[in-house]
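Enquirer: Structure supplied as structure_11.cif; contents: mmCIF, C-alpha atoms, pLDDT in the B column; chains and numbers go by the auth columns.
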```cif
data_run
loop_
_atom_site.group_PDB
_atom_site.id
_atom_site.type_symbol
_atom_site.label_atom_id
_atom_site.label_comp_id
_atom_site.label_asym_id
_atom_site.label_seq_id
_atom_site.Cartn_x
_atom_site.Cartn_y
_atom_site.Cartn_z
_atom_site.B_iso_or_equiv
_atom_site.auth_seq_id
_atom_site.auth_asym_id
ATOM 1 C CA MET A 1 -12.543 -19.980 -28.718 39.00 1 A
ATOM 2 C CA ARG A 2 -10.698 -20.107 -25.502 29.00 2 A
ATOM 3 C CA VAL A 3 -9.942 -22.412 -22.693 22.00 3 A
ATOM 4 C CA LEU A 4 -10.227 -20.812 -19.297 23.00 4 A
ATOM 5 C CA GLY A 5 -9.526 -23.558 -16.842 21.00 5 A
ATOM 6 C CA ALA A 6 -12.920 -25.177 -16.523 22.00 6 A
ATOM 7 C CA GLY A 7 -13.303 -27.140 -19.742 24.00 7 A
ATOM 8 C CA GLY A 8 -16.376 -25.342 -21.094 28.00 8 A
ATOM 9 C CA SER A 9 -17.003 -25.225 -24.822 29.00 9 A
ATOM 10 C CA ALA A 10 -15.307 -22.402 -26.671 32.00 10 A
ATOM 11 C CA GLY A 11 -18.600 -21.174 -28.008 33.00 11 A
ATOM 12 C CA SER A 12 -19.673 -20.115 -24.540 31.00 12 A
ATOM 13 C CA PHE A 13 -16.817 -17.623 -24.396 36.00 13 A
ATOM 14 C CA TRP A 14 -16.295 -16.198 -27.834 39.00 14 A
ATOM 15 C CA LYS A 15 -17.833 -15.468 -31.187 42.00 15 A
ATOM 16 C CA ALA A 16 -16.328 -14.566 -34.512 45.00 16 A
ATOM 17 C CA SER A 17 -18.208 -13.143 -37.454 44.00 17 A
ATOM 18 C CA ASN A 18 -17.755 -11.368 -40.768 44.00 18 A
ATOM 19 C CA LYS A 19 -19.017 -7.838 -40.170 42.00 19 A
ATOM 20 C CA ASN A 20 -19.256 -7.004 -43.864 42.00 20 A
ATOM 21 C CA MET A 21 -21.655 -9.860 -44.537 42.00 21 A
ATOM 22 C CA PRO A 22 -24.378 -9.699 -41.836 44.00 22 A
ATOM 23 C CA GLU A 23 -26.242 -12.667 -43.290 46.00 23 A
ATOM 24 C CA ARG A 24 -23.432 -14.982 -42.182 57.00 24 A
ATOM 25 C CA ILE A 25 -24.112 -16.990 -39.062 60.00 25 A
ATOM 26 C CA VAL A 26 -21.968 -16.102 -36.047 68.00 26 A
ATOM 27 C CA GLN A 27 -19.275 -18.736 -35.506 71.00 27 A
ATOM 28 C CA THR A 28 -19.449 -20.295 -32.042 71.00 28 A
ATOM 29 C CA ALA A 29 -18.220 -23.858 -32.659 75.00 29 A
ATOM 30 C CA ALA A 30 -14.499 -23.974 -31.949 79.00 30 A
ATOM 31 C CA GLN A 31 -12.017 -26.817 -32.280 81.00 31 A
ATOM 32 C CA GLN A 32 -10.022 -27.153 -29.054 81.00 32 A
ATOM 33 C CA VAL A 33 -6.468 -28.043 -30.067 80.00 33 A
ATOM 34 C CA ALA A 34 -4.815 -27.616 -26.660 82.00 34 A
ATOM 35 C CA GLU A 35 -5.793 -26.728 -23.112 82.00 35 A
ATOM 36 C CA ASP A 36 -5.379 -23.034 -23.875 84.00 36 A
ATOM 37 C CA LYS A 37 -5.916 -22.860 -27.638 85.00 37 A
ATOM 38 C CA PHE A 38 -8.962 -22.871 -29.909 87.00 38 A
ATOM 39 C CA VAL A 39 -9.516 -22.657 -33.664 87.00 39 A
ATOM 40 C CA PHE A 40 -12.553 -21.437 -35.638 87.00 40 A
ATOM 41 C CA ASP A 41 -13.097 -22.277 -39.310 85.00 41 A
ATOM 42 C CA LEU A 42 -13.762 -19.466 -41.815 84.00 42 A
ATOM 43 C CA PRO A 43 -15.319 -20.973 -44.963 82.00 43 A
ATOM 44 C CA ASP A 44 -15.234 -18.900 -48.136 79.00 44 A
ATOM 45 C CA TYR A 45 -12.605 -16.668 -46.562 79.00 45 A
ATOM 46 C CA GLU A 46 -11.712 -15.092 -49.921 80.00 46 A
ATOM 47 C CA ASN A 47 -14.956 -13.093 -49.674 80.00 47 A
ATOM 48 C CA ILE A 48 -14.409 -11.915 -46.092 80.00 48 A
ATOM 49 C CA ASN A 49 -12.958 -8.447 -45.514 80.00 49 A
ATOM 50 C CA HIS A 50 -13.182 -8.078 -41.748 81.00 50 A
ATOM 51 C CA VAL A 51 -13.552 -10.432 -38.799 84.00 51 A
ATOM 52 C CA VAL A 52 -15.099 -9.514 -35.437 83.00 52 A
ATOM 53 C CA VAL A 53 -13.902 -11.434 -32.376 85.00 53 A
ATOM 54 C CA PHE A 54 -15.673 -10.872 -29.087 81.00 54 A
ATOM 55 C CA MET A 55 -16.230 -12.452 -25.693 81.00 55 A
ATOM 56 C CA LEU A 56 -19.782 -13.239 -24.644 74.00 56 A
ATOM 57 C CA GLY A 57 -19.262 -11.880 -21.138 72.00 57 A
ATOM 58 C CA THR A 58 -20.264 -15.087 -19.361 75.00 58 A
ATOM 59 C CA ILE A 59 -16.796 -16.201 -18.245 79.00 59 A
ATOM 60 C CA PRO A 60 -13.802 -13.832 -18.066 86.00 60 A
ATOM 61 C CA PHE A 61 -10.149 -14.635 -18.622 89.00 61 A
ATOM 62 C CA PRO A 62 -8.236 -15.748 -15.533 90.00 62 A
ATOM 63 C CA GLU A 63 -6.502 -12.880 -13.763 92.00 63 A
ATOM 64 C CA GLY A 64 -3.524 -11.627 -15.737 94.00 64 A
ATOM 65 C CA MET A 65 -4.458 -13.516 -18.915 93.00 65 A
ATOM 66 C CA GLY A 66 -5.755 -12.575 -22.357 94.00 66 A
ATOM 67 C CA GLY A 67 -6.089 -14.089 -25.815 92.00 67 A
ATOM 68 C CA SER A 68 -3.889 -13.649 -28.886 92.00 68 A
ATOM 69 C CA VAL A 69 -5.899 -13.705 -32.122 92.00 69 A
ATOM 70 C CA TYR A 70 -4.337 -15.348 -35.193 89.00 70 A
ATOM 71 C CA PHE A 71 -5.508 -15.701 -38.785 89.00 71 A
ATOM 72 C CA SER A 72 -4.499 -18.727 -40.853 86.00 72 A
ATOM 73 C CA TYR A 73 -5.087 -19.364 -44.550 84.00 73 A
ATOM 74 C CA PRO A 74 -3.789 -22.119 -46.870 79.00 74 A
ATOM 75 C CA ASP A 75 -0.967 -21.164 -49.225 75.00 75 A
ATOM 76 C CA SER A 76 -0.651 -22.423 -52.808 71.00 76 A
ATOM 77 C CA SER A 77 0.546 -25.801 -51.542 71.00 77 A
ATOM 78 C CA GLY A 78 -2.235 -26.113 -48.984 71.00 78 A
ATOM 79 C CA MET A 79 0.009 -25.427 -45.981 75.00 79 A
ATOM 80 C CA PRO A 80 -1.338 -23.026 -43.318 78.00 80 A
ATOM 81 C CA VAL A 81 0.127 -19.522 -43.090 81.00 81 A
ATOM 82 C CA TRP A 82 -0.461 -17.977 -39.652 85.00 82 A
ATOM 83 C CA GLN A 83 -0.481 -14.245 -38.960 87.00 83 A
ATOM 84 C CA LEU A 84 -0.973 -12.445 -35.636 90.00 84 A
ATOM 85 C CA LEU A 85 -3.931 -10.033 -35.758 90.00 85 A
ATOM 86 C CA GLY A 86 -3.987 -8.718 -32.196 89.00 86 A
ATOM 87 C CA PHE A 87 -5.604 -9.708 -28.919 90.00 87 A
ATOM 88 C CA VAL A 88 -8.657 -9.508 -26.682 89.00 88 A
ATOM 89 C CA THR A 89 -8.726 -9.240 -22.881 90.00 89 A
ATOM 90 C CA ASN A 90 -11.211 -8.682 -20.071 88.00 90 A
ATOM 91 C CA GLY A 91 -10.541 -4.953 -20.474 86.00 91 A
ATOM 92 C CA LYS A 92 -10.802 -5.143 -24.268 85.00 92 A
ATOM 93 C CA PRO A 93 -13.385 -7.898 -24.860 83.00 93 A
ATOM 94 C CA SER A 94 -13.862 -7.320 -28.602 81.00 94 A
ATOM 95 C CA ALA A 95 -11.848 -6.426 -31.677 83.00 95 A
ATOM 96 C CA ILE A 96 -12.362 -6.025 -35.401 82.00 96 A
ATOM 97 C CA PHE A 97 -9.586 -7.076 -37.772 84.00 97 A
ATOM 98 C CA LYS A 98 -9.144 -6.498 -41.484 83.00 98 A
ATOM 99 C CA ILE A 99 -8.030 -9.737 -43.140 83.00 99 A
ATOM 100 C CA SER A 100 -8.656 -8.959 -46.815 79.00 100 A
ATOM 101 C CA GLY A 101 -5.114 -7.632 -47.286 73.00 101 A
ATOM 102 C CA LEU A 102 -3.379 -10.413 -45.380 74.00 102 A
ATOM 103 C CA LYS A 103 -3.865 -13.375 -47.672 62.00 103 A
ATOM 104 C CA SER A 104 -0.751 -12.607 -49.723 60.00 104 A
ATOM 105 C CA GLY A 105 1.388 -11.692 -46.724 57.00 105 A
ATOM 106 C CA GLU A 106 4.095 -13.706 -45.066 62.00 106 A
ATOM 107 C CA GLY A 107 3.516 -15.824 -41.999 59.00 107 A
ATOM 108 C CA SER A 108 4.735 -15.010 -38.499 61.00 108 A
ATOM 109 C CA GLN A 109 5.661 -16.970 -35.402 66.00 109 A
ATOM 110 C CA HIS A 110 2.669 -18.705 -33.846 67.00 110 A
ATOM 111 C CA PRO A 111 1.823 -21.310 -31.173 66.00 111 A
ATOM 112 C CA PHE A 112 -0.214 -23.660 -33.400 73.00 112 A
ATOM 113 C CA GLY A 113 2.583 -25.408 -35.316 63.00 113 A
ATOM 114 C CA ALA A 114 2.770 -28.692 -33.383 55.00 114 A
ATOM 115 C CA MET A 115 -0.993 -29.037 -32.880 52.00 115 A
ATOM 116 C CA ASN A 116 -3.175 -31.699 -34.454 53.00 116 A
ATOM 117 C CA ILE A 117 -5.584 -29.308 -36.170 60.00 117 A
ATOM 118 C CA VAL A 118 -8.268 -30.606 -38.504 56.00 118 A
ATOM 119 C CA ARG A 119 -8.080 -28.559 -41.720 61.00 119 A
ATOM 120 C CA THR A 120 -10.260 -28.331 -44.798 64.00 120 A
ATOM 121 C CA PRO A 121 -8.866 -27.132 -48.144 62.00 121 A
ATOM 122 C CA SER A 122 -9.890 -23.552 -49.046 70.00 122 A
ATOM 123 C CA VAL A 123 -11.018 -22.883 -45.451 80.00 123 A
ATOM 124 C CA ALA A 124 -9.156 -20.293 -43.361 85.00 124 A
ATOM 125 C CA GLN A 125 -9.079 -20.323 -39.558 86.00 125 A
ATOM 126 C CA ILE A 126 -9.038 -17.953 -36.611 89.00 126 A
ATOM 127 C CA GLY A 127 -6.884 -19.175 -33.746 89.00 127 A
ATOM 128 C CA ILE A 128 -7.121 -18.044 -30.117 91.00 128 A
ATOM 129 C CA SER A 129 -4.213 -18.629 -27.755 90.00 129 A
ATOM 130 C CA VAL A 130 -4.657 -17.793 -24.053 91.00 130 A
ATOM 131 C CA GLU A 131 -1.490 -16.114 -22.790 91.00 131 A
ATOM 132 C CA LEU A 132 -0.152 -13.821 -20.078 93.00 132 A
ATOM 133 C CA LEU A 133 -0.947 -10.125 -20.518 94.00 133 A
ATOM 134 C CA ASP A 134 2.778 -9.377 -20.315 93.00 134 A
ATOM 135 C CA THR A 135 3.317 -11.722 -23.267 90.00 135 A
ATOM 136 C CA LEU A 136 0.548 -10.062 -25.276 89.00 136 A
ATOM 137 C CA ALA A 137 2.104 -6.647 -24.703 89.00 137 A
ATOM 138 C CA GLN A 138 5.362 -7.810 -26.291 89.00 138 A
ATOM 139 C CA GLN A 139 3.786 -9.231 -29.443 85.00 139 A
ATOM 140 C CA THR A 140 3.715 -7.352 -32.761 84.00 140 A
ATOM 141 C CA PRO A 141 0.617 -7.920 -34.930 85.00 141 A
ATOM 142 C CA VAL A 142 0.748 -7.566 -38.705 80.00 142 A
ATOM 143 C CA GLY A 143 0.559 -3.877 -39.526 73.00 143 A
ATOM 144 C CA ASN A 144 -2.472 -3.718 -41.824 69.00 144 A
ATOM 145 C CA ALA A 145 -4.891 -5.822 -39.767 71.00 145 A
ATOM 146 C CA ALA A 146 -5.849 -3.204 -37.199 66.00 146 A
ATOM 147 C CA VAL A 147 -8.993 -1.115 -37.575 61.00 147 A
ATOM 148 C CA SER A 148 -9.194 2.138 -35.588 54.00 148 A
ATOM 149 C CA SER A 149 -11.230 1.760 -32.403 58.00 149 A
ATOM 150 C CA VAL A 150 -13.776 4.479 -33.231 56.00 150 A
ATOM 151 C CA ASP A 151 -14.151 3.321 -36.831 63.00 151 A
ATOM 152 C CA SER A 152 -14.527 -0.327 -35.806 66.00 152 A
ATOM 153 C CA PHE A 153 -17.073 0.539 -33.131 72.00 153 A
ATOM 154 C CA THR A 154 -19.117 2.586 -35.592 74.00 154 A
ATOM 155 C CA GLN A 155 -19.068 -0.160 -38.207 74.00 155 A
ATOM 156 C CA PHE A 156 -19.942 -2.873 -35.714 77.00 156 A
ATOM 157 C CA THR A 157 -22.774 -0.791 -34.237 81.00 157 A
ATOM 158 C CA GLN A 158 -24.158 -0.050 -37.707 77.00 158 A
ATOM 159 C CA LYS A 159 -24.210 -3.752 -38.559 81.00 159 A
ATOM 160 C CA MET A 160 -25.878 -4.532 -35.225 84.00 160 A
ATOM 161 C CA LEU A 161 -28.535 -1.882 -35.912 84.00 161 A
ATOM 162 C CA ASP A 162 -29.171 -3.264 -39.385 83.00 162 A
ATOM 163 C CA ASN A 163 -29.420 -6.800 -38.083 85.00 163 A
ATOM 164 C CA PHE A 164 -31.863 -5.886 -35.307 87.00 164 A
ATOM 165 C CA TYR A 165 -34.063 -3.762 -37.569 84.00 165 A
ATOM 166 C CA ASN A 166 -34.180 -6.410 -40.306 85.00 166 A
ATOM 167 C CA PHE A 167 -34.937 -9.131 -37.765 88.00 167 A
ATOM 168 C CA ALA A 168 -37.705 -7.151 -36.044 87.00 168 A
ATOM 169 C CA SER A 169 -39.205 -6.048 -39.371 86.00 169 A
ATOM 170 C CA SER A 170 -39.443 -9.633 -40.573 87.00 170 A
ATOM 171 C CA PHE A 171 -42.199 -10.189 -37.973 85.00 171 A
ATOM 172 C CA ALA A 172 -44.246 -7.109 -38.943 85.00 172 A
ATOM 173 C CA ILE A 173 -47.941 -7.703 -39.621 85.00 173 A
ATOM 174 C CA SER A 174 -50.887 -5.399 -40.292 85.00 174 A
ATOM 175 C CA GLN A 175 -53.678 -4.803 -37.774 82.00 175 A
ATOM 176 C CA ALA A 176 -55.978 -6.887 -39.962 85.00 176 A
ATOM 177 C CA GLN A 177 -53.602 -9.832 -39.588 87.00 177 A
ATOM 178 C CA MET A 178 -53.327 -9.587 -35.824 84.00 178 A
ATOM 179 C CA THR A 179 -55.006 -12.124 -33.588 85.00 179 A
ATOM 180 C CA PRO A 180 -56.119 -10.466 -30.320 84.00 180 A
ATOM 181 C CA ASN A 181 -54.212 -11.848 -27.354 85.00 181 A
ATOM 182 C CA PRO A 182 -54.540 -9.985 -24.017 85.00 182 A
ATOM 183 C CA SER A 183 -51.382 -11.647 -22.663 86.00 183 A
ATOM 184 C CA GLU A 184 -49.082 -10.257 -25.384 84.00 184 A
ATOM 185 C CA MET A 185 -47.798 -6.737 -26.020 84.00 185 A
ATOM 186 C CA PHE A 186 -47.148 -5.391 -29.524 83.00 186 A
ATOM 187 C CA ILE A 187 -44.791 -2.607 -30.585 86.00 187 A
ATOM 188 C CA PRO A 188 -45.705 -0.692 -33.778 86.00 188 A
ATOM 189 C CA ALA A 189 -43.135 -1.187 -36.546 86.00 189 A
ATOM 190 C CA ASN A 190 -42.863 2.589 -37.050 87.00 190 A
ATOM 191 C CA VAL A 191 -41.614 2.929 -33.453 89.00 191 A
ATOM 192 C CA VAL A 192 -38.730 0.553 -34.198 88.00 192 A
ATOM 193 C CA LEU A 193 -38.014 2.441 -37.431 87.00 193 A
ATOM 194 C CA LYS A 194 -37.973 5.790 -35.597 88.00 194 A
ATOM 195 C CA TRP A 195 -35.527 4.438 -32.997 89.00 195 A
ATOM 196 C CA TYR A 196 -33.366 2.970 -35.774 85.00 196 A
ATOM 197 C CA GLU A 197 -33.202 6.265 -37.688 84.00 197 A
ATOM 198 C CA ASN A 198 -32.553 8.360 -34.542 86.00 198 A
ATOM 199 C CA PHE A 199 -29.737 6.069 -33.409 85.00 199 A
ATOM 200 C CA GLN A 200 -28.145 6.186 -36.864 80.00 200 A
ATOM 201 C CA ARG A 201 -28.325 9.995 -36.893 80.00 201 A
ATOM 202 C CA ARG A 202 -26.746 10.337 -33.460 81.00 202 A
ATOM 203 C CA LEU A 203 -24.067 7.779 -34.296 76.00 203 A
ATOM 204 C CA ALA A 204 -23.137 9.727 -37.436 71.00 204 A
ATOM 205 C CA GLN A 205 -22.859 12.958 -35.438 73.00 205 A
ATOM 206 C CA ASN A 206 -20.789 11.469 -32.618 75.00 206 A
ATOM 207 C CA PRO A 207 -19.818 7.761 -32.459 71.00 207 A
ATOM 208 C CA LEU A 208 -19.283 8.092 -28.705 72.00 208 A
ATOM 209 C CA PHE A 209 -22.592 9.852 -27.912 78.00 209 A
ATOM 210 C CA TRP A 210 -23.683 6.885 -25.786 76.00 210 A
ATOM 211 C CA LYS A 211 -21.028 7.785 -23.189 71.00 211 A
ATOM 212 C CA THR A 212 -22.713 11.065 -22.295 72.00 212 A
#
```
Would you mind writing the file's structure down as structure tokens?
Expert:
Amino acid sequence: MRVLGAGGSAGSFWKASNKNMPERIVQTAAQQVAEDKFVFDLPDYENINHVVVFMLGTIPFPEGMGGSVYFSYPDSSGMPVWQLLGFVTNGKPSAIFKISGLKSGEGSQHPFGAMNIVRTPSVAQIGISVELLDTLAQQTPVGNAAVSSVDSFTQFTQKMLDNFYNFASSFAISQAQMTPNPSEMFIPANVVLKWYENFQRRLAQNPLFWKT
């Protein structure tokens, strides 16, 4: 999703996902349309309410640079309508955007107009444009795309908890099913459940409890 100087694949820098539908696979395959611009496809976008965009932490932006995040959907004639959602930077490596209310909105200025972008009918796209931080500060995102930082963190954390618990639980077996193996360690499923419930309780009481 980005293009920081050393021609690595976009997937090694960014991910985008639909936080309201945890069963969806995280999008890591980006289409590089310019040296500093990437595009991710969003199939079935009509059923997506929010999009999470985050850096993987392996390679930062160059000094003084960040990434504008755009949402594009096809209008009634099939032409792309681009809208600015916001941005991510080294200091703000993730963001959650609400896109469900944007599909009937008007387009805004964007840097993807002259690009040779492969498009599929009925598929929306998330575009990432690497730009100067000073440029990002002067941009105005669409008003109803932002999600409050505390609310977005809580929602993202809840989805992460659900995903981890469901994934770990899918491997649960009874003692009768276990094959003794001295080289492996096993964690009781009720321990994972207890951690899951305690974390949920503390998150509900104070979304920023982890800072203390």
Enquirer: Can you translate the PyMOL selection byres ((chain A and resi 191-193) around 12) into the concrete residues it hits in this file, as a PyMOL selection string?
Expert: chain A and resi 161-162+164-169+171-172+186-190+194-200
Enquirer: Go ahead and dump the residues you just picked, C-alpha atoms, as a PDB file, in the coordinates of the input.
Expert:
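Ended up saving to result-v1.pdb:
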```
ATOM      1  CA  LEU A 161     -28.535  -1.882 -35.912  1.00 84.00           C
ATOM      2  CA  ASP A 162     -29.171  -3.264 -39.385  1.00 83.00           C
ATOM      3  CA  PHE A 164     -31.863  -5.886 -35.307  1.00 87.00           C
ATOM      4  CA  TYR A 165     -34.063  -3.762 -37.569  1.00 84.00           C
ATOM      5  CA  ASN A 166     -34.180  -6.410 -40.306  1.00 85.00           C
ATOM      6  CA  PHE A 167     -34.937  -9.131 -37.765  1.00 88.00           C
ATOM      7  CA  ALA A 168     -37.705  -7.151 -36.044  1.00 87.00           C
ATOM      8  CA  SER A 169     -39.205  -6.048 -39.371  1.00 86.00           C
ATOM      9  CA  PHE A 171     -42.199 -10.189 -37.973  1.00 85.00           C
ATOM     10  CA  ALA A 172     -44.246  -7.109 -38.943  1.00 85.00           C
ATOM     11  CA  PHE A 186     -47.148  -5.391 -29.524  1.00 83.00           C
ATOM     12  CA  ILE A 187     -44.791  -2.607 -30.585  1.00 86.00           C
ATOM     13  CA  PRO A 188     -45.705  -0.692 -33.778  1.00 86.00           C
ATOM     14  CA  ALA A 189     -43.135  -1.187 -36.546  1.00 86.00           C
ATOM     15  CA  ASN A 190     -42.863   2.589 -37.050  1.00 87.00           C
ATOM     16  CA  LYS A 194     -37.973   5.790 -35.597  1.00 88.00           C
ATOM     17  CA  TRP A 195     -35.527   4.438 -32.997  1.00 89.00           C
ATOM     18  CA  TYR A 196     -33.366   2.970 -35.774  1.00 85.00           C
ATOM     19  CA  GLU A 197     -33.202   6.265 -37.688  1.00 84.00           C
ATOM     20  CA  ASN A 198     -32.553   8.360 -34.542  1.00 86.00           C
ATOM     21  CA  PHE A 199     -29.737   6.069 -33.409  1.00 85.00           C
ATOM     22  CA  GLN A 200     -28.145   6.186 -36.864  1.00 80.00           C
TER      23      GLN A 200
END
```
Enquirer: When distances are computed from only C-alpha atoms, which of A:Gln175, A:Gln138, A:Thr154, A:Gln27 shows the smallest separation from Phe40 of chain A?
Expert: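 Of A:Gln175, A:Gln138, A:Thr154, A:Gln27, the one nearest Phe40 of chain A, counting only C-alpha atoms, is A:Gln27.
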Enquirer: Of the candidates A:Thr157, A:Gln83, A:Ser68, A:Asn163, which shows the shortest atom-to-atom distance to Leu132 of chain A, using all atoms listed in the file?
Expert: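 Checking each of A:Thr157, A:Gln83, A:Ser68, A:Asn163 against Leu132 of chain A, counting all atoms listed in the file, the winner is A:Ser68.
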Enquirer: Could you check how far atom CA of Tyr73 of chain A sits from atom CA of Gln125 of chain A, in Å to one decimal?
Expert: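 Between atom CA of Tyr73 of chain A and atom CA of Gln125 of chain A the gap works out to 6.5 Å.
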Enquirer: Set the distance at 12 Å and use all atoms listed in the file: which residues neighbour Leu85 of chain A once local chain neighbours fewer than 2 positions away are removed? I'd like the list as number ranges by chain.
Expert: A: 50-53, 67-72, 82-83, 87-88, 95-99, 101-102, 107-110, 126-129, 136, 139-147
Enquirer: Between atom CA of Phe38 of chain A and atom CA of Val81 of chain A, what is the distance in Å, rounded to a tenth?
Expert: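 Atom CA of Phe38 of chain A sits 16.4 Å away from atom CA of Val81 of chain A.
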Enquirer: Can you turn the PyMOL selection byres ((chain A and resi 133) around 6) into a concrete residue list for this file, as number ranges by chain?
Expert: A: 64-66, 132, 134-136
Enquirer: Suppose you want the space between atom CA of Asp75 of chain A and atom CA of Ala124 of chain A; what is it in Å?
Expert: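 So the answer is 10.1 Å.
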Enquirer: Rank A:Asn181, A:Thr58, A:Asn90, A:Ser122 by their smallest atom-to-atom distance to Asp41 of chain A, using only C-alpha atoms, and report the top residue only.
Expert: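 Nearest to Asp41 of chain A: A:Ser122.
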Enquirer: Could you check which of A:Ser170, A:Gln155, A:Ser100, A:Ser76 is closest to Asn49 of chain A, using all atoms listed in the file?
Expert: A:Ser100
Enquirer: Point out the residue among A:Ala176, A:Asn206, A:Val39, A:Glu63 with the least atom-to-atom distance to Val123 of chain A, counting all atoms listed in the file.
Expert: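 Ranking A:Ala176, A:Asn206, A:Val39, A:Glu63 by distance to Val123 of chain A, first place goes to A:Val39.
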